[in-house]
Each structure stands twice: as structure tokens, then as C-alpha cells.
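Notes follow once the structure below has been shown.
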Amino acid sequence: VAMPRAADLTKKVEWPSDIHVLDGPCMRIIDSTRPLSPFHMYRGIINRRINLFGSATGVSVLSAHSDRQIREYDAVTRGNMSLGLARFGLNLERYMPEIEAARKRGYGTRLAVYRGETVLDDGLAAIAVPIYVHGEPSAAISLLWPRAFQDAADFAASHLEPLKDTAEHIAEDMERLFPTEAVTGERRA
């Protein structure tokens, strides 16, 4: 459902987009427009688990959750060197300013110490916004670029509005195509 909208976004801004869904204590990459972008990017792997606390998509989704819900995600992943804050040498108290900053900006960015889910630094930066499916921030869409090209604030100044519009259209499409899920509480992206 999201891919046609993400493809249109990449055609418009040229930068690639990844679509992630909230999957328990992590984000999961479900599709990408990296092959459609004229800019070569590190190849993303579909169905890969992504750290919720470090990724731009995770930060965007967490920033749309309550502090209580964020504490619950922290409790589930505490001490986990792959999925938790321990991976970054952080505790929740030191992490929450990142969430507050994302809430003020209106988008998530990667933690400065997050280098992707690769063995080597992927060299990418990302901004992301949540996709609300039936009112729940259960997915996110990102735009990616080489970190050395531009800082997040300058990139967002040019591309945040089309990214937000795309997320809103995806949410509308999901609600139109899956109206009964509002009653059952099931979510898809």
C-alpha cells in the first residue's frame, strides 16, 4: 500500500525512502525506493530488524508515543546490545532529550552514534515521520542521504513537507483500504 506513495516521493525529491513498521521492540524495514533513486545508496535489506532507539524511523515513532509507552519499550529491551539503549551506552534518562527534540522538530533523525545495521558505517543520514494507521503510530517513512552531504536540519528544510504529505497519504490509503481494522485493532503497513 505504501510503496506507490514512496515511489512518487522519490520521483519528486530524488532521494530514496525506506518504509518501516513497528514490530515489537524494533522497527522492521518492509520496502525501499533505493533502487528508484538516481543516487547510489548502501543497499537496504528488506525484512531486517532495525534498532527502535537509534534509527530515524524508530525515533519518529517513539516521539509519537507517550513517555509511559517509551519506558515500556526500554524495559523490554534493557540490556539488549542489539535492540536496546545499551547498544549506545545510554539509559532512558539520557535518551529522552532525543525524543523531546524530535517532538519539537516534527521528525526523527538517527542518533549520532547510530551507524545503521551494518558491520561497517553505512555513511547515511535519515529523517523520518510516523505513519498513523487508525490513529496509532505503527509505521514510519524515511528519506536517506549521505551524511557528509548535508545536516539533518538543512535537509529537512527542503524535504520535510513532501515526506509528511506522503505519510499522511499512506495513512489515508490504509484506512480506506482496510476500514474494518479500525474496529479489530489489527495493523498493517
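The chains in the C-alpha cells are called A, B, ... from first to last as shown; in each chain the residues are counted from 1, and the ligands are counted from 1 in the order shown.
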
Under the rule of at most 7 Å, produce a per-residue listing of stretch 86-111 of chain A near stretch 48-69 of chain A: chain, number, name, the closest pair of atoms, and the distance in Å, as CSV, using only C-alpha atoms.
residue,atom,partner,partner_atom,distance
A:Ile99,CA,A:Ser63,CA,5.3
A:Ala102,CA,A:Ser63,CA,6.3
A:Arg103,CA,A:Ser63,CA,5.6
A:Tyr107,CA,A:Ser60,CA,5.6
A:Gly108,CA,A:Ser60,CA,4.2
A:Thr109,CA,A:Ala56,CA,4.1
A:Arg110,CA,A:Ala56,CA,4.3
A:Leu111,CA,A:Gly54,CA,5.0

Those selected residues, please, written with N, CA, C and O atoms and delivered as a tab-separated table (two decimals), in the first residue's frame.
chain	number	residue	atom	x	y	z
A	99	ILE	N	14.09	12.33	22.21
A	99	ILE	CA	12.65	12.25	21.92
A	99	ILE	C	12.03	13.64	21.98
A	99	ILE	O	11.23	14.01	21.11
A	102	ALA	N	12.92	15.51	18.90
A	102	ALA	CA	12.15	15.03	17.74
A	102	ALA	C	10.72	15.56	17.79
A	102	ALA	O	10.16	15.95	16.75
A	103	ARG	N	10.14	15.60	18.97
A	103	ARG	CA	8.77	16.11	19.10
A	103	ARG	C	8.72	17.59	18.70
A	103	ARG	O	7.78	18.02	18.03
A	107	TYR	N	10.01	15.56	13.38
A	107	TYR	CA	10.57	14.42	12.65
A	107	TYR	C	11.70	13.80	13.48
A	107	TYR	O	12.28	14.44	14.34
A	108	GLY	N	11.96	12.54	13.19
A	108	GLY	CA	13.04	11.83	13.85
A	108	GLY	C	14.29	11.83	13.01
A	108	GLY	O	14.21	11.89	11.78
A	109	THR	N	15.43	11.77	13.67
A	109	THR	CA	16.72	11.60	13.00
A	109	THR	C	17.44	10.44	13.66
A	109	THR	O	17.08	10.02	14.76
A	110	ARG	N	18.45	9.94	12.99
A	110	ARG	CA	19.28	8.91	13.60
A	110	ARG	C	20.03	9.50	14.78
A	110	ARG	O	20.43	10.66	14.74
A	111	LEU	N	20.25	8.68	15.80
A	111	LEU	CA	21.16	9.08	16.87
A	111	LEU	C	22.54	9.28	16.25
A	111	LEU	O	22.91	8.55	15.32

Give me every strand (DSSP E or B) residue in stretch 18-61 of chain A, going by DSSP on the backbone, as a list in words.
->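 In stretch 18-61 of chain A, DSSP puts these residues in strand (DSSP E or B): Asp18, Ile19, His20, Val21, Leu22, Asp23, Cys26, Met27, Arg28, Ile29, Ile30, Asp31, Ser32, Arg49, Ile50 and Asn51 of chain A.
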
May I have the selected residues written with N, CA, C and O atoms, as a short mmCIF file (atom, residue, chain, number, x, y, z; two decimals), in the first residue's frame?
data_model
loop_
_atom_site.label_atom_id
_atom_site.label_comp_id
_atom_site.auth_asym_id
_atom_site.auth_seq_id
_atom_site.Cartn_x
_atom_site.Cartn_y
_atom_site.Cartn_z
N ASP A 18 12.75 4.69 2.79
CA ASP A 18 12.51 3.36 3.36
C ASP A 18 11.20 3.39 4.12
O ASP A 18 10.87 4.40 4.75
N ILE A 19 10.49 2.29 4.10
CA ILE A 19 9.25 2.15 4.85
C ILE A 19 9.51 1.11 5.93
O ILE A 19 9.95 -0.01 5.64
N HIS A 20 9.25 1.49 7.17
CA HIS A 20 9.46 0.60 8.32
C HIS A 20 8.15 0.45 9.08
O HIS A 20 7.36 1.40 9.14
N VAL A 21 7.95 -0.71 9.68
CA VAL A 21 6.81 -0.93 10.57
C VAL A 21 7.34 -1.23 11.96
O VAL A 21 8.43 -1.77 12.13
N LEU A 22 6.55 -0.85 12.93
CA LEU A 22 6.85 -1.19 14.32
C LEU A 22 6.57 -2.67 14.49
O LEU A 22 5.48 -3.15 14.19
N ASP A 23 7.57 -3.40 14.95
CA ASP A 23 7.47 -4.86 15.08
C ASP A 23 7.99 -5.24 16.46
O ASP A 23 9.17 -5.53 16.63
N CYS A 26 11.26 -3.40 17.98
CA CYS A 26 12.15 -2.89 16.93
C CYS A 26 11.32 -2.35 15.77
O CYS A 26 10.10 -2.48 15.75
N MET A 27 12.00 -1.76 14.83
CA MET A 27 11.39 -1.41 13.56
C MET A 27 11.81 -2.50 12.58
O MET A 27 12.84 -3.15 12.77
N ARG A 28 11.02 -2.70 11.53
CA ARG A 28 11.37 -3.67 10.51
C ARG A 28 11.20 -3.01 9.16
O ARG A 28 10.17 -2.43 8.86
N ILE A 29 12.26 -3.07 8.35
CA ILE A 29 12.23 -2.48 7.01
C ILE A 29 11.36 -3.39 6.14
O ILE A 29 11.60 -4.57 6.09
N ILE A 30 10.32 -2.83 5.54
CA ILE A 30 9.45 -3.67 4.70
C ILE A 30 9.56 -3.33 3.21
O ILE A 30 9.21 -4.15 2.38
N ASP A 31 10.06 -2.15 2.89
CA ASP A 31 10.27 -1.82 1.48
C ASP A 31 11.13 -0.58 1.37
O ASP A 31 11.32 0.15 2.35
N SER A 32 11.65 -0.36 0.18
CA SER A 32 12.57 0.76 -0.04
C SER A 32 12.50 1.21 -1.49
O SER A 32 12.28 0.40 -2.39
N ARG A 49 15.58 -6.29 10.94
CA ARG A 49 15.19 -5.63 12.19
C ARG A 49 16.10 -4.42 12.39
O ARG A 49 17.31 -4.50 12.21
N ILE A 50 15.49 -3.31 12.79
CA ILE A 50 16.19 -2.04 12.94
C ILE A 50 16.01 -1.58 14.39
O ILE A 50 14.92 -1.64 14.94
N ASN A 51 17.08 -1.05 14.97
CA ASN A 51 17.01 -0.56 16.35
C ASN A 51 16.00 0.57 16.46
O ASN A 51 16.09 1.58 15.74
#

Given only C-alpha atoms, how would the per-residue table for stretch 40-129 of chain A near stretch 158-165 of chain A read, listing every residue at most 10 Å away with its closest atom pair and distance in Å to one decimal, sorted by chain and number, as a Markdown table?
| residue | atom | partner | partner_atom | distance |
| --- | --- | --- | --- | --- |
| A:Gly106 | CA | A:Leu160 | CA | 8.8 |
| A:Tyr107 | CA | A:Leu160 | CA | 8.0 |
| A:Ile127 | CA | A:Leu160 | CA | 8.0 |
| A:Ala128 | CA | A:Leu163 | CA | 7.7 |
| A:Val129 | CA | A:Lys164 | CA | 6.5 |

Which value, in Å to one decimal, gives the distance between atom CA of A:Pro38 and atom CA of A:Pro137?
->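 Between atom CA of A:Pro38 and atom CA of A:Pro137 the gap works out to 29.9 Å.
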
Separation of atom CA of A:Pro130 and atom CA of A:Ala86, in Å?
->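 Atom-to-atom, atom CA of A:Pro130 to atom CA of A:Ala86, that is 23.9 Å.
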
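Atom CA of A:Leu124 is positioned 5.6 Å from atom CA of A:Trp145.
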
Looking only at alpha helix (DSSP H) from DSSP on the backbone, list the matching residues of stretch 8-134 of chain A as a count of residues only.
-> 39

So which residues touch A:Tyr132 within 8 Å, counting only C-alpha atoms, skipping near sequence neighbours fewer than 4 positions away, as JSON, numbers by chain?
-> {"A": [136, 137, 138, 139, 167, 168, 171]}

Would you output that residue set with N, CA and C atoms, as a PDB file, in the first residue's frame?
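Listed below is the output, again-v3.pdb:
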ATOM      1  N   GLU A 136      -2.824   5.148  15.309  1.00  0.00           N
ATOM      2  CA  GLU A 136      -1.655   4.612  16.010  1.00  0.00           C
ATOM      3  C   GLU A 136      -0.391   4.823  15.172  1.00  0.00           C
ATOM      4  N   PRO A 137       0.692   5.299  15.793  1.00  0.00           N
ATOM      5  CA  PRO A 137       1.955   5.451  15.060  1.00  0.00           C
ATOM      6  C   PRO A 137       2.636   4.091  14.912  1.00  0.00           C
ATOM      7  N   SER A 138       2.189   3.317  13.929  1.00  0.00           N
ATOM      8  CA  SER A 138       2.636   1.929  13.808  1.00  0.00           C
ATOM      9  C   SER A 138       3.617   1.697  12.674  1.00  0.00           C
ATOM     10  N   ALA A 139       3.997   2.748  11.989  1.00  0.00           N
ATOM     11  CA  ALA A 139       4.951   2.640  10.882  1.00  0.00           C
ATOM     12  C   ALA A 139       5.618   4.000  10.712  1.00  0.00           C
ATOM     13  N   ALA A 167       3.452  10.516   4.175  1.00  0.00           N
ATOM     14  CA  ALA A 167       2.995   9.734   5.332  1.00  0.00           C
ATOM     15  C   ALA A 167       1.488   9.876   5.522  1.00  0.00           C
ATOM     16  N   GLU A 168       0.972  11.081   5.363  1.00  0.00           N
ATOM     17  CA  GLU A 168      -0.472  11.308   5.512  1.00  0.00           C
ATOM     18  C   GLU A 168      -1.264  10.567   4.432  1.00  0.00           C
ATOM     19  N   ALA A 171      -1.335   6.857   5.225  1.00  0.00           N
ATOM     20  CA  ALA A 171      -2.310   6.612   6.298  1.00  0.00           C
ATOM     21  C   ALA A 171      -3.735   6.630   5.754  1.00  0.00           C
TER      22      ALA A 171
END

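Distance annotation: of A:Ala75, A:Leu143, A:Ile131, A:Ala125, the residue with the minimal separation from A:Trp15 is A:Leu143; atom set is only C-alpha atoms.
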
Would you kindly return, as an mmCIF file with C-alpha atoms, in the first residue's frame, each protein, DNA or RNA residue with an atom no farther than 12 Å from any atom of A:Arg78, considering only C-alpha atoms and excluding same-chain residues fewer than 3 positions away?
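Final output, result19.cif:
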data_model
loop_
_atom_site.group_PDB
_atom_site.id
_atom_site.type_symbol
_atom_site.label_atom_id
_atom_site.label_comp_id
_atom_site.auth_asym_id
_atom_site.auth_seq_id
_atom_site.Cartn_x
_atom_site.Cartn_y
_atom_site.Cartn_z
ATOM 1 C CA PRO A 25 10.662 -3.897 20.285
ATOM 2 C CA PHE A 53 16.024 3.846 19.670
ATOM 3 C CA ILE A 70 8.635 4.593 25.703
ATOM 4 C CA ARG A 71 9.500 3.363 29.208
ATOM 5 C CA GLU A 72 7.805 0.061 28.341
ATOM 6 C CA TYR A 73 9.922 -0.337 25.183
ATOM 7 C CA ASP A 74 13.006 0.453 27.245
ATOM 8 C CA ALA A 75 12.055 -2.160 29.857
ATOM 9 C CA MET A 81 23.047 -4.890 22.880
ATOM 10 C CA SER A 82 21.254 -5.089 19.537
ATOM 11 C CA LEU A 83 17.787 -3.662 20.162
ATOM 12 C CA GLY A 84 18.168 -1.633 23.371
ATOM 13 C CA LEU A 85 19.688 1.620 24.520
ATOM 14 C CA ALA A 86 22.655 -0.342 25.925
ATOM 15 C CA ARG A 87 23.920 -0.558 22.334
ATOM 16 C CA PHE A 88 24.592 3.195 22.507
ATOM 17 C CA GLY A 89 25.769 3.327 26.115
ATOM 18 C CA LEU A 90 22.601 5.195 27.087
ATOM 19 C CA ASN A 91 19.901 4.848 29.680
ATOM 20 C CA LEU A 92 16.381 6.198 29.268
#

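If only C-alpha atoms are the atoms counted, then among A:Val113, A:Phe149, A:Val133, A:Met3 the closest residue to A:Phe178 is A:Val133.
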